[in-house]
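Read the structure below first, then the notes.
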Amino acid sequence: MRLNNSGLIVLNLVLLFLLAGCGLFNPALPQDMCFLDIRVVGEGEVSPSGGEFAQGAVIDIWVEAAEGWVFSSWAGEHAEKVKEEEGQWKLVIEGAMEIEAVFVPKDYASLSGFVSIKHSFSTPLPDKSSFMRAEARETSQLAHPGEYWEEVIISLQRDVPEEKAQKILAKIGGKVIDRLPLLNAYLLEVPQVGVQNAVSKAFDFKEVENAEPNYPLALQAENYQPNDSYYQYQWHYPMIQLPQAWQVTTGADWVRVAVLDTGCDYYHPDLKENLDKENAYNFVDSNEYAHDLNGHGTHVAGIIGASTNNSEGVAGVMWQVKILPVKVIGEGGGTHWNVARGILYAAGLLEDPYNPEPVHVINLSLGGDKHSDVLERAVREASDAGVIIVAAAGNNGVGVAYPARYPETIAVGAVMNSYPDGPELAPYSNYGWELDLVAPGGFTRRSQPEGGILSTHFTKTGGERQHDYSFLQGTSMAAPHVTGVAGLMLANGISPDRVREVLQGTSMDLGEEGFNEYYGHGLVNGYWAVNEVEEIKVVVGNFEDGEMEVVAETSVPLPGGEFKIDHIPPGEYQVLAWIDVQNNNSIEAGDYMALSLAEKFKGKERNVELIVEEVREW
């Protein structure tokens, strides 16, 4: 049969109407019929047990248990779609669906409960009789609030060419003394024009994205000098479970950490082997010699990676690491500009000077109360390049300082040793909702310097430098604890993009339950972090000789909460809540657990509350 054009048109129209009637071309109508399969687990019947139903149809489901059995629950991929309304099970058809109706014997039981974690922080301060009293040496005031150099930072739109930029800067006035090409930002010296006047004039140009004074940044620590130094005086490491973490990893030489600070003591015997002096840079004096003249950077670097297990001095969080000294603060202080340059340099993003070996982690034990556009952008660029940035929250007892306040950084507050009570926020520590974690920062008094954090340092006597150790306090000391733990995590194979999430998820809850403005997510936990601990196992069974014969089990995400286990056969069982830190299915020292007394389970719901605590010996 042959069809002319008119006949083809009519036939096509008929087909379209038929298809539309089936819902294939009309999204407002039900689509194809959907297949439903309801399977029975146990002994009982379900009606309907399956079939084809229209998309969006609401069907009633009846269940009937066999003698000696009861209906327990719905299971399967679409189980949550079955809803009970006024004693009737109902299901809305949403595509092909497979569901299981679970029946259990009448004498099967269920268990519900709550599991939580209790940490022990029984770490007393070292015997103060072991130390010679040292006079308090106040931290030099690098800058006073509101003071800044007669310099401004001008940030231009990225597509503004160099020639046009120079014309704009000339009209603003002052002298260009430095440039960050990646950010298209310029540092201007404006003694004649004046800082505020230059900033005001800059915003007259539409090409200017931001203009700001080159605000100073200050270090955050107080210094007390002891006469001796041993690991036993580093009370802060057991507090964050580092001895357990070192059983898993002590670091790796390939992990690179930049310390943006006052530099590092190149010749300290307990530090020099872990320094990358070849790629170090001094942005204060614009040379490659980032030697420390203050002591702050040396102390920070020692916390991260002092030479450890070498029969002298102190331990670092990382035993193997390569520390890149980047000097951004000198005797006269530091600025946003130099810190921004230092961040880009450490990340391998600065053209001149160029760092051929970018770091994995940057430690910023510095801060100020002024926002800086150029500093924030440098932080963002480094973070986007995959660098982990850890920053001290500040020591003013107020809101989180910059750059720790920026979302790309891991902001760290400080806790002190409050033995016999648990760690408490140090009175100087900044706090706020931008805080991520807390770590030991110490708290020293003139009569009790050992309450501070002990690390590498030096003194100067008669022009001679004495390599030694010192107690300092501050969020400057807290941040490198977290930096070091992040380095251990990388060494143990944890992906950089997982580090922040794991640090937060494995932290030890302090203060008000859950995330809060004083402790963030909690106190960093080195052991849990390097093992990426995620859950608490809850097991019902028979426990004997360290082994559990499992009858039923579930898990609860950290930091704990409610759980329920169904289909527990009759019997006498114990309930074990267990954090298997190394995930090796073996209870061992360092794990956390709680074990209930044996109880008979038969035909009803039991309820239990479990508090897991650290296993000290096993």
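Residue numbering restarts at 1 for every chain of the structure tokens, chains are lettered A, B, ... in their displayed order, and ligands are numbered from 1 as they appear.
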Gln466 (chain A) environment, 12 Å, only C-alpha atoms, sequence neighbours closer than 2 positions dropped, as a list in words = Gln225, Asn227, Asp265, Tyr267, His268, Pro269, Gly295, Thr456, His457, Phe458, Thr459, Lys460, Thr461, Gly462, Gly463, Glu464, Asp468, Tyr469 and Ser470 of chain A
Can you check which parts of region 522-592 of chain A lie within 12 Å of region 412-419 of chain A? Per residue, the shortest pair of atoms and distance in Å to one decimal, counting only C-alpha atoms, sorted by chain and number, as a Markdown table.
| residue | atom | partner | partner_atom | distance |
| --- | --- | --- | --- | --- |
| A:Gly522 | CA | A:Gly413 | CA | 9.7 |
| A:Leu523 | CA | A:Val415 | CA | 8.3 |
| A:Val524 | CA | A:Val412 | CA | 9.5 |
Could those selected residues go to a file with N, CA, C and O atoms, as a compact mmCIF listing (two decimals), in the first residue's frame?
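selection.txt written:
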# COMPACT_ATOMS: atom_id res chain seq x y z
N GLY A 522 35.92 20.84 68.78
CA GLY A 522 36.51 20.18 69.92
C GLY A 522 38.03 20.16 69.88
O GLY A 522 38.66 20.84 69.05
N LEU A 523 38.61 19.39 70.79
CA LEU A 523 40.06 19.28 70.92
C LEU A 523 40.60 18.26 69.91
O LEU A 523 40.10 17.15 69.81
N VAL A 524 41.63 18.65 69.19
CA VAL A 524 42.20 17.77 68.17
C VAL A 524 42.63 16.44 68.80
O VAL A 524 43.14 16.40 69.92
Rank A:Lys175, A:Gly511, A:Ala109, A:Lys206 by their smallest atom-to-atom distance to Gln157 (chain A), using only C-alpha atoms, and report the top residue only.
-> A:Lys206
Please identify all polymer residues within 9 Å of Ile168 (chain A), counting only C-alpha atoms, omitting same-chain residues fewer than 6 positions from it, and present them as a short mmCIF file (atom, residue, chain, number, x, y, z; two decimals) with N, CA and C atoms, in the first residue's frame.
data_model
loop_
_atom_site.label_atom_id
_atom_site.label_comp_id
_atom_site.auth_asym_id
_atom_site.auth_seq_id
_atom_site.Cartn_x
_atom_site.Cartn_y
_atom_site.Cartn_z
N ALA A 202 41.98 55.90 45.60
CA ALA A 202 42.01 54.66 44.81
C ALA A 202 40.62 54.24 44.38
N PHE A 205 38.66 55.02 40.96
CA PHE A 205 38.90 54.31 39.71
C PHE A 205 38.12 53.00 39.69
N GLU A 207 38.56 50.48 37.98
CA GLU A 207 39.42 49.31 37.83
C GLU A 207 39.94 48.79 39.16
N VAL A 208 39.80 49.56 40.22
CA VAL A 208 40.30 49.17 41.54
C VAL A 208 39.26 48.31 42.25
#
Neighbour list for Val46 (chain A) as an NGL selection string, cut-off 10 Å, only C-alpha atoms, skip fewer than 4 positions in-chain | :A and (38-40 or 50 or 61-65 or 100-101)
Skipping near chain neighbours, those fewer than 3 positions away, what residues fall within 6 Å of region 483-492 of chain A using only C-alpha atoms, listed as number ranges by chain?
-> A: 251-252, 304, 317-318, 480, 526, 530
How would you write, as a list in words, the set of residues in region 413-531 of chain A that DSSP gives as strand (DSSP E)?
-> Gly413, Ala414, Val415, Met416, Glu424, Leu425, Leu437, Val438, Ala439, Pro440, Ile453, Leu454, Ser455, Thr456, His457, Phe458, Thr459, Lys460, Thr461, Glu464, Arg465, Gln466, His467, Asp468, Tyr469, Ser470, Phe471, Leu472 and Gln473 of chain A
Write to file, as a compact mmCIF listing (two decimals), in the first residue's frame, the residues of the selection just made, with C-alpha atoms.
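Below you can see part_33.txt, which holds the result:
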# COMPACT_ATOMS: atom_id res chain seq x y z
CA GLY A 413 41.99 28.22 69.57
CA ALA A 414 43.98 27.33 72.69
CA VAL A 415 43.22 25.24 75.76
CA MET A 416 45.20 25.01 78.99
CA GLU A 424 39.55 24.52 79.41
CA LEU A 425 39.73 27.43 77.00
CA LEU A 437 39.32 23.28 66.62
CA VAL A 438 41.24 23.85 69.80
CA ALA A 439 44.66 22.47 70.76
CA PRO A 440 47.04 22.88 73.69
CA ILE A 453 54.17 24.65 75.82
CA LEU A 454 57.80 23.48 75.80
CA SER A 455 59.67 23.66 72.51
CA THR A 456 62.90 24.72 70.83
CA HIS A 457 64.13 28.27 71.47
CA PHE A 458 67.30 30.27 72.10
CA THR A 459 68.69 33.03 74.26
CA LYS A 460 71.37 35.65 73.61
CA THR A 461 74.04 36.29 76.20
CA GLU A 464 76.40 34.71 71.90
CA ARG A 465 73.38 32.61 70.93
CA GLN A 466 72.50 29.78 73.30
CA HIS A 467 70.39 27.02 71.76
CA ASP A 468 67.87 25.92 74.36
CA TYR A 469 64.18 25.37 75.07
CA SER A 470 61.41 27.55 76.40
CA PHE A 471 57.84 27.52 77.68
CA LEU A 472 55.51 29.76 75.72
CA GLN A 473 51.77 30.18 75.70
Point out the residue among A:Phe103, A:Gln88, A:Asp369, A:Ile93 with the least atom-to-atom distance to Ala75 (chain A), counting only C-alpha atoms.
-> A:Phe103
Who sits within 6 Å of Asp261 (chain A), only C-alpha atoms, same chain under 4 positions skipped, as a compact mmCIF listing (two decimals) with N, CA and C atoms, in the first residue's frame:
# COMPACT_ATOMS: atom_id res chain seq x y z
N GLY A 297 59.35 31.84 65.77
CA GLY A 297 59.27 30.88 64.68
C GLY A 297 59.98 29.58 65.00
N LYS A 327 60.24 33.64 56.31
CA LYS A 327 60.26 34.75 57.25
C LYS A 327 59.40 35.90 56.73
N VAL A 328 58.32 36.19 57.45
CA VAL A 328 57.42 37.27 57.06
C VAL A 328 57.31 38.33 58.16
N ILE A 329 57.92 38.07 59.30
CA ILE A 329 57.89 39.01 60.42
C ILE A 329 59.30 39.20 60.94
If you count only C-alpha atoms, the residue of A:Glu588, A:Asp580, A:Glu86, A:Glu357 closest to Glu278 (chain A) turns out to be A:Glu357
